[in-house]
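Student: Pasting data_38.cif here (mmCIF, C-alpha atoms):
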data_start
loop_
_atom_site.label_atom_id
_atom_site.label_comp_id
_atom_site.auth_asym_id
_atom_site.auth_seq_id
_atom_site.Cartn_x
_atom_site.Cartn_y
_atom_site.Cartn_z
CA MET A 1 20.81 20.96 -3.38
CA ILE A 2 19.28 17.84 -1.92
CA ASN A 3 21.78 15.00 -1.82
CA ALA A 4 19.69 11.82 -1.98
CA SER A 5 22.72 9.65 -1.28
CA ASP A 6 23.15 11.34 2.10
CA VAL A 7 19.47 10.76 2.83
CA GLU A 8 19.91 7.09 2.01
CA ARG A 9 22.99 6.83 4.20
CA ALA A 10 21.00 8.43 7.02
CA ILE A 11 18.28 5.78 6.77
CA ILE A 12 20.87 3.00 6.90
CA ALA A 13 22.70 4.68 9.78
CA LYS A 14 19.52 4.98 11.82
CA LEU A 15 18.63 1.32 11.30
CA THR A 16 22.19 0.15 11.94
CA ALA A 17 22.42 2.11 15.20
CA ASP A 18 19.41 0.39 16.74
CA PRO A 19 20.47 -2.53 18.95
CA GLU A 20 17.02 -4.09 18.95
CA LEU A 21 16.95 -4.26 15.16
CA THR A 22 20.51 -5.52 14.88
CA GLY A 23 19.52 -8.19 17.41
CA PHE A 24 16.90 -9.41 14.95
CA LEU A 25 19.15 -8.87 11.93
CA PRO A 26 22.76 -9.43 13.06
CA ASP A 27 24.22 -9.48 9.54
CA GLY A 28 23.52 -5.77 9.11
CA VAL A 29 21.69 -3.22 6.97
CA TYR A 30 22.73 -2.81 3.32
CA TRP A 31 21.90 -0.87 0.23
CA ASP A 32 20.45 -3.17 -2.46
CA LEU A 33 22.55 -6.25 -1.78
CA ALA A 34 23.92 -8.01 1.29
CA PRO A 35 27.26 -9.87 1.37
CA GLN A 36 27.30 -13.54 0.51
CA ALA A 37 26.57 -15.90 3.42
CA SER A 38 24.33 -13.31 5.12
CA THR A 39 21.15 -14.91 6.44
CA ARG A 40 19.55 -12.17 8.55
CA PHE A 41 19.81 -8.67 7.19
CA ALA A 42 17.93 -5.58 6.09
CA ILE A 43 17.92 -4.11 2.61
CA VAL A 44 17.25 -0.50 1.69
CA SER A 45 16.65 0.22 -2.00
CA ALA A 46 15.22 2.99 -4.16
CA SER A 47 11.66 2.53 -5.37
CA THR A 48 10.60 5.79 -6.92
CA SER A 49 10.76 9.55 -6.41
CA ARG A 50 9.13 12.76 -7.48
CA SER A 51 9.47 16.47 -6.92
CA GLN A 52 7.19 19.47 -6.53
CA MET A 53 8.49 22.58 -8.27
CA GLU A 54 7.82 26.10 -7.16
CA PHE A 55 8.42 29.50 -8.72
CA GLY A 56 12.07 30.34 -9.09
CA GLY A 57 13.14 27.05 -10.54
CA VAL A 58 13.63 25.23 -7.27
CA ASP A 59 11.93 22.25 -5.75
CA SER A 60 9.54 22.89 -2.87
CA TRP A 61 10.04 19.34 -1.78
CA ARG A 62 11.01 15.94 -3.03
CA ALA A 63 9.42 12.62 -2.19
CA LEU A 64 11.96 9.82 -2.00
CA ILE A 65 10.37 6.39 -1.72
CA TYR A 66 12.42 3.43 -0.55
CA VAL A 67 11.84 -0.25 -0.01
CA VAL A 68 13.05 -1.14 3.46
CA LYS A 69 12.74 -4.84 4.21
CA ALA A 70 14.08 -7.52 6.50
CA VAL A 71 15.38 -10.67 4.81
CA VAL A 72 15.63 -13.78 6.95
CA GLN A 73 16.50 -17.34 5.97
CA SER A 74 13.86 -19.27 7.88
CA THR A 75 10.76 -21.35 7.40
CA GLY A 76 9.17 -19.49 10.30
CA THR A 77 7.80 -15.97 10.11
CA THR A 78 8.39 -14.78 13.66
CA ALA A 79 11.83 -13.29 13.11
CA VAL A 80 10.97 -11.40 9.94
CA ALA A 81 7.76 -10.10 11.51
CA ALA A 82 9.63 -8.82 14.55
CA ALA A 83 12.26 -7.13 12.39
CA ASP A 84 9.58 -5.62 10.15
CA ALA A 85 7.78 -4.22 13.19
CA ARG A 86 11.00 -2.74 14.53
CA ILE A 87 11.82 -1.11 11.19
CA ASN A 88 8.33 0.38 11.18
CA ALA A 89 8.77 1.69 14.72
CA LEU A 90 12.05 3.33 13.74
CA LEU A 91 10.90 4.91 10.49
CA ASP A 92 7.14 5.55 10.33
CA ARG A 93 6.60 9.22 11.28
CA GLN A 94 9.88 9.24 13.15
CA PRO A 95 12.84 11.65 12.87
CA ILE A 96 15.86 10.67 10.81
CA PRO A 97 18.98 12.77 11.44
CA PHE A 98 20.48 13.97 8.14
CA PRO A 99 24.14 15.02 7.87
CA PRO A 100 24.68 18.74 7.06
CA GLY A 101 25.77 17.85 3.53
CA ALA A 102 22.39 16.34 2.76
CA GLY A 103 21.03 19.80 1.95
CA ALA A 104 17.66 18.59 3.10
CA GLY A 105 15.33 18.68 6.05
CA LEU A 106 12.92 15.87 6.73
CA MET A 107 9.26 16.87 6.69
CA VAL A 108 7.91 13.38 7.27
CA CYS A 109 8.85 9.75 6.82
CA ARG A 110 5.78 7.57 6.45
CA TRP A 111 4.79 3.98 5.70
CA VAL A 112 3.33 3.69 2.20
CA ASP A 113 2.57 0.05 1.47
CA ARG A 114 3.56 -3.41 2.57
CA VAL A 115 6.21 -5.64 1.00
CA ARG A 116 5.93 -9.26 2.07
CA TYR A 117 6.81 -12.48 0.26
CA THR A 118 8.52 -15.81 0.69
CA GLU A 119 11.20 -17.11 -1.60
CA ASN A 120 12.67 -20.58 -2.04
CA VAL A 121 16.28 -20.78 -3.20
CA ASP A 122 17.99 -24.15 -3.59
CA GLY A 123 15.79 -25.68 -0.92
CA ASN A 124 16.24 -22.79 1.52
CA THR A 125 13.29 -20.63 2.52
CA TRP A 126 13.74 -16.87 2.73
CA GLN A 127 11.26 -14.51 4.32
CA HIS A 128 11.10 -10.93 3.03
CA GLY A 129 9.12 -8.46 5.15
CA GLY A 130 9.01 -4.69 5.16
CA ALA A 131 7.39 -1.78 3.41
CA ARG A 132 7.88 1.14 1.11
CA TYR A 133 8.57 4.30 3.05
CA GLU A 134 8.16 7.80 1.67
CA LEU A 135 10.46 10.57 2.86
CA ILE A 136 9.27 14.07 2.05
CA VAL A 137 12.32 16.31 2.18
CA THR A 138 12.67 20.01 1.60
CA PRO A 139 15.88 21.82 0.58
CA THR A 140 17.70 23.66 3.34
CA ASP A 141 20.02 25.74 1.18
CA THR A 142 17.54 27.81 -0.86
CA MET B 1 -22.14 15.86 -26.34
CA SER B 2 -20.90 19.07 -24.81
CA ALA B 3 -19.58 18.82 -21.27
CA LYS B 4 -20.57 22.38 -20.54
CA MET B 5 -22.88 22.95 -17.58
CA GLU B 6 -25.39 25.70 -18.19
CA LEU B 7 -27.44 26.42 -15.10
CA ARG B 8 -30.81 28.09 -15.35
CA GLY B 9 -32.44 26.99 -12.13
CA PHE B 10 -32.46 24.45 -9.36
CA ASP B 11 -34.01 21.73 -11.52
CA ASP B 12 -31.30 22.25 -14.08
CA LEU B 13 -28.68 22.04 -11.36
CA LEU B 14 -30.02 18.72 -10.13
CA ARG B 15 -30.24 17.35 -13.65
CA ASP B 16 -26.76 18.46 -14.58
CA LEU B 17 -25.23 17.16 -11.37
CA ALA B 18 -26.86 13.80 -12.00
CA ALA B 19 -25.43 13.78 -15.51
CA LEU B 20 -21.99 14.90 -14.41
CA PRO B 21 -20.38 11.52 -13.70
CA ALA B 22 -21.35 10.05 -17.07
CA THR B 23 -20.21 13.20 -18.86
CA LEU B 24 -16.90 13.21 -17.05
CA ASN B 25 -16.49 9.51 -17.56
CA ARG B 26 -16.76 9.90 -21.32
CA GLY B 27 -14.14 12.63 -21.24
CA ALA B 28 -11.80 10.83 -18.85
CA ASP B 29 -11.93 7.45 -20.51
CA PRO B 30 -9.62 8.18 -23.46
CA ILE B 31 -7.19 9.97 -21.12
CA LEU B 32 -7.03 7.03 -18.74
CA ILE B 33 -6.61 4.36 -21.39
CA ARG B 34 -3.93 6.43 -23.13
CA HIS B 35 -1.90 6.67 -19.94
CA ALA B 36 -2.47 2.99 -19.13
CA ARG B 37 -1.13 2.04 -22.57
CA GLN B 38 1.83 4.40 -22.17
CA ALA B 39 2.68 2.80 -18.84
CA GLU B 40 2.29 -0.66 -20.32
CA ALA B 41 4.67 0.21 -23.16
CA ARG B 42 7.22 1.66 -20.75
CA VAL B 43 7.12 -1.36 -18.46
CA LEU B 44 7.48 -3.73 -21.41
CA ALA B 45 10.43 -1.72 -22.71
CA ALA B 46 12.11 -1.70 -19.30
CA TYR B 47 11.69 -5.39 -18.49
CA PRO B 48 14.49 -7.67 -19.70
CA ILE B 49 13.76 -10.61 -21.96
CA VAL B 50 15.11 -13.87 -20.56
CA THR B 51 12.29 -16.37 -20.88
CA GLY B 52 9.73 -13.73 -21.82
CA ALA B 53 7.56 -14.61 -18.82
CA LEU B 54 8.08 -11.25 -17.12
CA ARG B 55 6.84 -9.32 -20.14
CA ALA B 56 4.05 -11.83 -20.79
CA GLY B 57 2.61 -11.07 -17.35
CA VAL B 58 2.00 -7.39 -18.16
CA ARG B 59 -1.56 -6.55 -19.13
CA ILE B 60 -4.26 -3.93 -18.71
CA VAL B 61 -7.38 -4.95 -16.77
CA GLU B 62 -10.47 -2.87 -17.52
CA ARG B 63 -13.43 -2.71 -15.21
CA THR B 64 -16.34 -0.43 -14.51
CA ALA B 65 -16.64 0.80 -10.95
CA ARG B 66 -20.15 1.30 -9.57
CA GLY B 67 -21.49 1.73 -13.05
CA VAL B 68 -19.85 5.12 -13.38
CA ALA B 69 -16.13 5.23 -13.97
CA THR B 70 -14.05 2.96 -16.14
CA LEU B 71 -10.86 1.95 -14.39
CA TYR B 72 -7.76 0.65 -16.09
CA THR B 73 -5.37 -1.29 -13.92
CA LEU B 74 -1.96 -2.25 -15.23
CA VAL B 75 -0.81 -5.52 -13.70
CA SER B 76 2.43 -7.46 -13.82
CA ASN B 77 1.55 -10.93 -12.64
CA ALA B 78 4.43 -13.15 -13.70
CA PRO B 79 5.25 -15.50 -10.79
CA HIS B 80 8.58 -13.75 -10.26
CA ALA B 81 7.48 -10.15 -10.91
CA HIS B 82 7.74 -9.24 -7.22
CA LEU B 83 11.17 -10.85 -6.96
CA TYR B 84 12.34 -8.68 -9.87
CA GLU B 85 10.82 -5.53 -8.34
CA PHE B 86 11.85 -6.05 -4.70
CA GLY B 87 14.84 -8.38 -5.03
CA THR B 88 15.66 -11.89 -3.91
CA ALA B 89 17.93 -13.00 -1.09
CA ARG B 90 20.83 -12.82 -3.54
CA THR B 91 19.85 -10.29 -6.19
CA THR B 92 19.33 -6.56 -6.07
CA PRO B 93 15.84 -5.04 -6.31
CA ARG B 94 15.10 -3.51 -9.70
CA ALA B 95 12.38 -0.93 -9.18
CA THR B 96 10.64 -0.84 -12.55
CA PHE B 97 6.90 -1.38 -12.47
CA LEU B 98 6.11 0.87 -9.49
CA PRO B 99 8.05 3.97 -10.60
CA ILE B 100 6.62 3.79 -14.11
CA THR B 101 3.02 3.23 -13.03
CA GLU B 102 3.23 5.90 -10.34
CA ARG B 103 4.48 8.46 -12.87
CA ASP B 104 1.74 7.64 -15.35
CA ARG B 105 -0.94 7.58 -12.65
CA ARG B 106 0.08 11.09 -11.60
CA ALA B 107 0.11 12.22 -15.22
CA ALA B 108 -3.34 10.71 -15.79
CA THR B 109 -4.71 12.39 -12.66
CA ALA B 110 -3.34 15.74 -13.79
CA ALA B 111 -4.78 15.30 -17.28
CA VAL B 112 -8.22 14.38 -15.94
CA SER B 113 -8.08 17.35 -13.55
CA ASP B 114 -7.29 19.63 -16.47
CA MET B 115 -10.17 18.15 -18.44
CA VAL B 116 -12.57 18.73 -15.55
CA ARG B 117 -11.29 22.28 -15.04
CA ALA B 118 -11.83 22.95 -18.73
CA GLN B 119 -15.51 22.39 -18.05
CA GLY B 120 -15.48 25.16 -15.50
CA ILE B 121 -15.50 22.89 -12.48
CA THR B 122 -13.16 23.59 -9.61
CA VAL B 123 -10.88 20.71 -8.77
CA ALA B 124 -9.34 20.90 -5.33
CA GLY B 125 -6.18 19.11 -4.31
CA ASP B 126 -2.72 18.53 -5.60
CA LYS B 127 -2.14 17.21 -9.10
CA THR B 128 0.94 15.34 -7.92
#
Translate this structure into C-alpha coordinates?
Tutor:
Amino acid sequence: MINASDVERAIIAKLTADPELTGFLPDGVYWDLAPQASTRFAIVSASTSRSQMEFGGVDSWRALIYVVKAVVQSTGTTAVAAADARINALLDRQPIPFPPGAGAGLMVCRWVDRVRYTENVDGNTWQHGGARYELIVTPTDT
Amino acid sequence: MSAKMELRGFDDLLRDLAALPATLNRGADPILIRHARQAEARVLAAYPIVTGALRAGVRIVERTARGVATLYTLVSNAPHAHLYEFGTARTTPRATFLPITERDRRAATAAVSDMVRAQGITVAGDKT
(Lines of atoms letter the chains of each structure in order from A and count residues from 1; the text may use other names and numbers.)
(Lines give C-alpha, C1' and ligand atoms only; values in the text may rest on other atoms or scores of the structure.)
Protein backbone atom coordinates (compact mmCIF):
# COMPACT_ATOMS: atom_id res chain seq x y z
CA MET A 1 0.00 0.00 0.00
CA ILE A 2 1.27 3.44 -0.92
CA ASN A 3 2.06 5.47 2.17
CA ALA A 4 1.63 9.10 1.11
CA SER A 5 3.09 10.35 4.38
CA ASP A 6 6.38 8.64 3.57
CA VAL A 7 6.32 10.21 0.12
CA GLU A 8 5.83 13.62 1.71
CA ARG A 9 8.65 13.03 4.17
CA ALA A 10 10.87 12.06 1.24
CA ILE A 11 10.19 15.35 -0.53
CA ILE A 12 11.03 17.32 2.62
CA ALA A 13 14.14 15.21 3.23
CA LYS A 14 15.42 15.81 -0.29
CA LEU A 15 14.93 19.57 -0.01
CA THR A 16 16.38 19.72 3.49
CA ALA A 17 19.50 17.79 2.45
CA ASP A 18 20.45 20.29 -0.24
CA PRO A 19 23.00 22.81 1.04
CA GLU A 20 22.33 25.27 -1.76
CA LEU A 21 18.64 25.43 -0.94
CA THR A 22 19.21 25.66 2.80
CA GLY A 23 21.60 28.51 2.02
CA PHE A 24 18.71 30.39 0.45
CA LEU A 25 16.22 29.23 3.10
CA PRO A 26 18.14 28.78 6.37
CA ASP A 27 15.02 28.40 8.54
CA GLY A 28 14.24 25.03 6.98
CA VAL A 29 11.62 23.07 5.06
CA TYR A 30 8.27 22.37 6.73
CA TRP A 31 4.97 20.70 6.12
CA ASP A 32 2.16 23.29 5.99
CA LEU A 33 3.45 25.69 8.64
CA ALA A 34 6.84 27.02 9.71
CA PRO A 35 7.75 27.88 13.32
CA GLN A 36 7.12 31.39 14.54
CA ALA A 37 9.93 33.88 13.84
CA SER A 38 10.96 32.02 10.67
CA THR A 39 11.64 34.45 7.83
CA ARG A 40 13.20 32.27 5.11
CA PHE A 41 11.74 28.83 4.72
CA ALA A 42 10.08 26.37 2.36
CA ILE A 43 6.60 24.94 2.74
CA VAL A 44 5.36 21.64 1.34
CA SER A 45 1.60 21.09 1.41
CA ALA A 46 -0.97 18.81 -0.20
CA SER A 47 -2.90 20.23 -3.13
CA THR A 48 -4.83 17.37 -4.65
CA SER A 49 -4.50 13.73 -5.64
CA ARG A 50 -6.07 11.08 -7.79
CA SER A 51 -5.66 7.42 -8.61
CA GLN A 52 -5.95 5.18 -11.63
CA MET A 53 -7.53 1.82 -10.87
CA GLU A 54 -6.79 -1.38 -12.70
CA PHE A 55 -8.38 -4.82 -12.71
CA GLY A 56 -7.99 -6.64 -9.44
CA GLY A 57 -8.99 -3.77 -7.22
CA VAL A 58 -5.59 -2.14 -7.00
CA ASP A 59 -4.31 1.20 -8.13
CA SER A 60 -2.06 1.26 -11.18
CA TRP A 61 -0.69 4.55 -10.00
CA ARG A 62 -1.51 7.53 -7.89
CA ALA A 63 -0.85 11.17 -8.67
CA LEU A 64 0.04 13.16 -5.58
CA ILE A 65 0.16 16.90 -6.20
CA TYR A 66 1.91 19.18 -3.74
CA VAL A 67 2.52 22.88 -3.41
CA VAL A 68 6.21 23.43 -2.81
CA LYS A 69 7.08 27.07 -2.27
CA ALA A 70 9.75 29.30 -0.80
CA VAL A 71 8.56 31.95 1.65
CA VAL A 72 10.88 34.89 2.24
CA GLN A 73 10.31 38.06 4.24
CA SER A 74 11.71 40.66 1.85
CA THR A 75 10.68 43.51 -0.37
CA GLY A 76 13.06 42.19 -3.02
CA THR A 77 12.38 39.18 -5.20
CA THR A 78 15.90 37.89 -5.77
CA ALA A 79 16.03 35.50 -2.83
CA VAL A 80 12.65 33.91 -3.44
CA ALA A 81 13.40 33.55 -7.15
CA ALA A 82 16.71 31.83 -6.42
CA ALA A 83 15.08 29.46 -3.94
CA ASP A 84 12.23 28.73 -6.35
CA ALA A 85 14.72 27.91 -9.10
CA ARG A 86 16.65 25.61 -6.78
CA ILE A 87 13.48 23.79 -5.70
CA ASN A 88 12.63 23.33 -9.37
CA ALA A 89 16.10 21.96 -10.11
CA LEU A 90 15.76 19.48 -7.26
CA LEU A 91 12.26 18.25 -8.04
CA ASP A 92 11.25 18.67 -11.69
CA ARG A 93 11.85 15.31 -13.41
CA GLN A 94 14.38 14.39 -10.76
CA PRO A 95 14.62 11.26 -8.58
CA ILE A 96 13.32 11.35 -5.03
CA PRO A 97 14.50 8.47 -2.81
CA PHE A 98 11.55 6.88 -0.99
CA PRO A 99 12.01 4.86 2.21
CA PRO A 100 11.14 1.13 1.89
CA GLY A 101 7.98 1.67 3.94
CA ALA A 102 6.58 4.05 1.36
CA GLY A 103 5.31 1.09 -0.67
CA ALA A 104 5.76 3.20 -3.75
CA GLY A 105 8.12 3.76 -6.62
CA LEU A 106 8.42 7.14 -8.27
CA MET A 107 7.53 7.19 -11.96
CA VAL A 108 8.00 10.92 -12.41
CA CYS A 109 7.97 14.14 -10.45
CA ARG A 110 7.06 17.08 -12.64
CA TRP A 111 6.32 20.80 -12.44
CA VAL A 112 2.61 21.46 -12.94
CA ASP A 113 1.94 25.17 -12.50
CA ARG A 114 3.41 28.23 -10.89
CA VAL A 115 2.58 29.63 -7.45
CA ARG A 116 3.76 33.19 -6.97
CA TYR A 117 2.37 36.03 -4.88
CA THR A 118 3.35 38.76 -2.47
CA GLU A 119 1.77 39.26 0.91
CA ASN A 120 1.86 42.18 3.32
CA VAL A 121 1.52 41.37 7.02
CA ASP A 122 1.70 44.14 9.61
CA GLY A 123 3.91 46.23 7.37
CA ASN A 124 6.22 43.34 6.46
CA THR A 125 6.43 42.09 2.90
CA TRP A 126 6.52 38.35 2.25
CA GLN A 127 7.40 36.77 -1.06
CA HIS A 128 5.92 33.37 -1.90
CA GLY A 129 7.41 31.56 -4.90
CA GLY A 130 7.19 27.96 -6.02
CA ALA A 131 4.97 25.61 -7.93
CA ARG A 132 2.67 22.65 -7.74
CA TYR A 133 4.54 19.43 -8.39
CA GLU A 134 2.91 16.17 -9.41
CA LEU A 135 4.41 12.89 -8.27
CA ILE A 136 3.17 9.85 -10.16
CA VAL A 137 3.84 6.85 -7.93
CA THR A 138 3.13 3.20 -8.48
CA PRO A 139 2.74 0.57 -5.73
CA THR A 140 5.73 -1.69 -5.14
CA ASP A 141 4.00 -4.34 -3.05
CA THR A 142 1.36 -5.66 -5.47
CA MET B 1 -31.41 16.61 -33.69
CA SER B 2 -29.83 13.20 -33.74
CA ALA B 3 -26.09 13.10 -33.23
CA LYS B 4 -25.79 9.95 -35.28
CA MET B 5 -23.43 10.06 -38.26
CA GLU B 6 -24.73 8.11 -41.21
CA LEU B 7 -22.20 8.01 -44.03
CA ARG B 8 -23.27 7.33 -47.58
CA GLY B 9 -20.42 8.86 -49.53
CA PHE B 10 -17.59 11.32 -49.48
CA ASP B 11 -19.88 14.35 -49.71
CA ASP B 12 -21.81 13.08 -46.74
CA LEU B 13 -18.59 12.58 -44.84
CA LEU B 14 -17.48 16.15 -45.47
CA ARG B 15 -20.89 17.50 -44.52
CA ASP B 16 -21.10 15.47 -41.35
CA LEU B 17 -17.57 16.32 -40.28
CA ALA B 18 -18.35 19.99 -40.76
CA ALA B 19 -21.46 19.60 -38.63
CA LEU B 20 -19.70 17.57 -35.96
CA PRO B 21 -18.47 20.38 -33.69
CA ALA B 22 -21.88 22.04 -33.45
CA THR B 23 -23.55 18.69 -32.84
CA LEU B 24 -21.08 17.77 -30.14
CA ASN B 25 -21.28 21.22 -28.65
CA ARG B 26 -25.02 20.89 -28.16
CA GLY B 27 -24.53 17.54 -26.47
CA ALA B 28 -21.59 18.64 -24.33
CA ASP B 29 -23.05 21.92 -23.16
CA PRO B 30 -25.46 20.56 -20.53
CA ILE B 31 -22.76 18.18 -19.27
CA LEU B 32 -20.23 20.97 -18.85
CA ILE B 33 -22.58 23.42 -17.14
CA ARG B 34 -23.81 20.67 -14.80
CA HIS B 35 -20.27 19.90 -13.68
CA ALA B 36 -19.40 23.60 -13.40
CA ARG B 37 -22.41 24.12 -11.12
CA GLN B 38 -21.51 21.04 -9.07
CA ALA B 39 -18.00 22.36 -8.59
CA GLU B 40 -19.33 25.79 -7.69
CA ALA B 41 -21.62 24.28 -5.06
CA ARG B 42 -18.80 22.20 -3.61
CA VAL B 43 -16.42 25.14 -3.40
CA LEU B 44 -19.09 27.30 -1.75
CA ALA B 45 -19.83 24.54 0.75
CA ALA B 46 -16.14 24.08 1.55
CA TYR B 47 -15.23 27.75 1.98
CA PRO B 48 -15.68 29.16 5.49
CA ILE B 49 -17.88 32.17 6.10
CA VAL B 50 -16.04 34.94 7.94
CA THR B 51 -16.82 38.12 6.05
CA GLY B 52 -18.45 36.28 3.15
CA ALA B 53 -15.94 37.75 0.68
CA LEU B 54 -14.36 34.38 -0.12
CA ARG B 55 -17.68 32.86 -1.13
CA ALA B 56 -18.78 36.03 -2.92
CA GLY B 57 -15.78 35.72 -5.25
CA VAL B 58 -16.90 32.35 -6.62
CA ARG B 59 -18.67 32.52 -9.97
CA ILE B 60 -18.99 30.75 -13.30
CA VAL B 61 -17.73 32.60 -16.38
CA GLU B 62 -19.25 31.45 -19.67
CA ARG B 63 -17.65 32.13 -23.00
CA THR B 64 -17.72 30.74 -26.50
CA ALA B 65 -14.38 29.67 -27.91
CA ARG B 66 -13.83 30.17 -31.65
CA GLY B 67 -17.54 30.10 -32.23
CA VAL B 68 -17.69 26.39 -31.54
CA ALA B 69 -17.46 25.26 -27.95
CA THR B 70 -19.00 26.85 -24.91
CA LEU B 71 -16.54 26.95 -22.04
CA TYR B 72 -17.46 27.33 -18.41
CA THR B 73 -14.71 28.55 -16.12
CA LEU B 74 -15.20 28.52 -12.38
CA VAL B 75 -13.28 31.35 -10.76
CA SER B 76 -12.58 32.32 -7.18
CA ASN B 77 -11.43 35.91 -7.33
CA ALA B 78 -11.72 37.24 -3.79
CA PRO B 79 -8.57 39.30 -3.04
CA HIS B 80 -7.42 36.70 -0.51
CA ALA B 81 -8.50 33.54 -2.38
CA HIS B 82 -4.89 32.62 -3.20
CA LEU B 83 -3.81 33.21 0.39
CA TYR B 84 -6.51 30.79 1.55
CA GLU B 85 -5.53 28.18 -1.07
CA PHE B 86 -1.73 28.43 -0.79
CA GLY B 87 -1.27 29.84 2.72
CA THR B 88 0.20 32.99 4.19
CA ALA B 89 3.50 33.46 5.98
CA ARG B 90 1.73 32.46 9.20
CA THR B 91 -1.21 30.29 8.19
CA THR B 92 -1.41 26.85 6.67
CA PRO B 93 -2.49 26.34 3.04
CA ARG B 94 -6.04 25.06 2.69
CA ALA B 95 -6.27 23.33 -0.67
CA THR B 96 -9.93 23.71 -1.56
CA PHE B 97 -10.63 25.25 -4.94
CA LEU B 98 -8.03 23.33 -6.95
CA PRO B 99 -8.86 19.81 -5.73
CA ILE B 100 -12.58 20.36 -6.24
CA THR B 101 -12.28 21.89 -9.69
CA GLU B 102 -9.76 19.28 -10.82
CA ARG B 103 -12.10 16.47 -9.77
CA ASP B 104 -15.06 18.00 -11.57
CA ARG B 105 -13.01 18.81 -14.66
CA ARG B 106 -11.96 15.16 -14.89
CA ALA B 107 -15.55 14.04 -14.36
CA ALA B 108 -16.77 16.44 -17.06
CA THR B 109 -14.11 15.22 -19.49
CA ALA B 110 -15.09 11.62 -18.86
CA ALA B 111 -18.79 12.42 -19.31
CA VAL B 112 -18.18 14.26 -22.59
CA SER B 113 -15.98 11.39 -23.79
CA ASP B 114 -18.79 8.96 -23.01
CA MET B 115 -21.25 11.16 -24.87
CA VAL B 116 -18.99 11.29 -27.92
CA ARG B 117 -18.41 7.53 -27.80
CA ALA B 118 -22.16 7.00 -27.66
CA GLN B 119 -22.26 8.56 -31.10
CA GLY B 120 -19.92 5.91 -32.40
CA ILE B 121 -16.86 8.11 -32.47
CA THR B 122 -13.60 6.81 -31.12
CA VAL B 123 -12.12 8.96 -28.39
CA ALA B 124 -8.44 8.37 -27.77
CA GLY B 125 -6.66 9.23 -24.56
CA ASP B 126 -7.14 8.82 -20.87
CA LYS B 127 -10.35 9.90 -19.18
CA THR B 128 -8.42 10.86 -16.06
Student: Excluding same-chain residues fewer than 6 positions from Arg40 of chain A, what lies within 12 Å of it counting only C-alpha atoms, as a list of chain:residue names?
Tutor: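 That gives A:Leu21, A:Thr22, A:Gly23, A:Phe24, A:Leu25, A:Pro26, A:Asp27, A:Gly28, A:Val29, A:Tyr30, A:Ala34, A:Lys69, A:Ala70, A:Val71, A:Val72, A:Gln73, A:Ser74, A:Ala79, A:Val80, A:Ala83, A:Trp126, A:Gln127, A:His128, A:Gly129, B:Ala89.
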Student: Show me, as an MDAnalysis selection string, the residues of chain A whose atoms get within 10 Å of chain B, using all atoms listed in the file for the distance check.
Tutor: chainID A and resid 31:41 43:52 65:69 71:73 115:121 125:128
Student: Can you write just those residues out, C-alpha atoms, as an mmCIF file, in the frame of the given file?
Tutor:
data_model
loop_
_atom_site.group_PDB
_atom_site.id
_atom_site.type_symbol
_atom_site.label_atom_id
_atom_site.label_comp_id
_atom_site.auth_asym_id
_atom_site.auth_seq_id
_atom_site.Cartn_x
_atom_site.Cartn_y
_atom_site.Cartn_z
ATOM 1 C CA TRP A 31 21.900 -0.870 0.230
ATOM 2 C CA ASP A 32 20.450 -3.170 -2.460
ATOM 3 C CA LEU A 33 22.550 -6.250 -1.780
ATOM 4 C CA ALA A 34 23.920 -8.010 1.290
ATOM 5 C CA PRO A 35 27.260 -9.870 1.370
ATOM 6 C CA GLN A 36 27.300 -13.540 0.510
ATOM 7 C CA ALA A 37 26.570 -15.900 3.420
ATOM 8 C CA SER A 38 24.330 -13.310 5.120
ATOM 9 C CA THR A 39 21.150 -14.910 6.440
ATOM 10 C CA ARG A 40 19.550 -12.170 8.550
ATOM 11 C CA PHE A 41 19.810 -8.670 7.190
ATOM 12 C CA ILE A 43 17.920 -4.110 2.610
ATOM 13 C CA VAL A 44 17.250 -0.500 1.690
ATOM 14 C CA SER A 45 16.650 0.220 -2.000
ATOM 15 C CA ALA A 46 15.220 2.990 -4.160
ATOM 16 C CA SER A 47 11.660 2.530 -5.370
ATOM 17 C CA THR A 48 10.600 5.790 -6.920
ATOM 18 C CA SER A 49 10.760 9.550 -6.410
ATOM 19 C CA ARG A 50 9.130 12.760 -7.480
ATOM 20 C CA SER A 51 9.470 16.470 -6.920
ATOM 21 C CA GLN A 52 7.190 19.470 -6.530
ATOM 22 C CA ILE A 65 10.370 6.390 -1.720
ATOM 23 C CA TYR A 66 12.420 3.430 -0.550
ATOM 24 C CA VAL A 67 11.840 -0.250 -0.010
ATOM 25 C CA VAL A 68 13.050 -1.140 3.460
ATOM 26 C CA LYS A 69 12.740 -4.840 4.210
ATOM 27 C CA VAL A 71 15.380 -10.670 4.810
ATOM 28 C CA VAL A 72 15.630 -13.780 6.950
ATOM 29 C CA GLN A 73 16.500 -17.340 5.970
ATOM 30 C CA VAL A 115 6.210 -5.640 1.000
ATOM 31 C CA ARG A 116 5.930 -9.260 2.070
ATOM 32 C CA TYR A 117 6.810 -12.480 0.260
ATOM 33 C CA THR A 118 8.520 -15.810 0.690
ATOM 34 C CA GLU A 119 11.200 -17.110 -1.600
ATOM 35 C CA ASN A 120 12.670 -20.580 -2.040
ATOM 36 C CA VAL A 121 16.280 -20.780 -3.200
ATOM 37 C CA THR A 125 13.290 -20.630 2.520
ATOM 38 C CA TRP A 126 13.740 -16.870 2.730
ATOM 39 C CA GLN A 127 11.260 -14.510 4.320
ATOM 40 C CA HIS A 128 11.100 -10.930 3.030
#
Student: Of the candidates A:Ala63, A:Met53, A:Ala42, A:Val137, which shows the shortest atom-to-atom distance to Phe98 of chain A, using all atoms listed in the file?
Tutor: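 Nearest candidate to Phe98 of chain A out of A:Ala63, A:Met53, A:Ala42, A:Val137: A:Val137.
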Student: Which residues match the PyMOL selection byres ((chain B and resi 33-41) around 10) in the file above, as an NGL selection string?
Tutor: :B and (28-32 or 42-46 or 55 or 58-62 or 70-76 or 97 or 99-109 or 111)
Student: So that all listed atoms of segment 5-19 of chain A fit with 3 Å spare on each side, what axis-aligned box centre and edge lengths in Å, to one decimal, would you give as AutoDock Vina command-line options?
Tutor:
--center_x 20.7 --center_y 4.4 --center_z 8.8 --size_x 10.9 --size_y 19.9 --size_z 26.2
Student: What does the structure give for the distance between atom CA of Ala17 of chain A and atom CA of Thr78 of chain A, in Å to one decimal?
Tutor: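 For atom CA of Ala17 of chain A relative to atom CA of Thr78 of chain A, the distance reads 22.0 Å.
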Student: Starting from the displayed file, determine the output of the PyMOL selection byres ((chain A and resi 104) around 10) and express the residue list as a count of residues only.
Tutor: 23
Student: For this file, the PyMOL selection byres ((chain A and resi 90-97) around 6) selects which residues, as a ChimeraX atom specification?
Tutor: /A:87-89,98,108-111
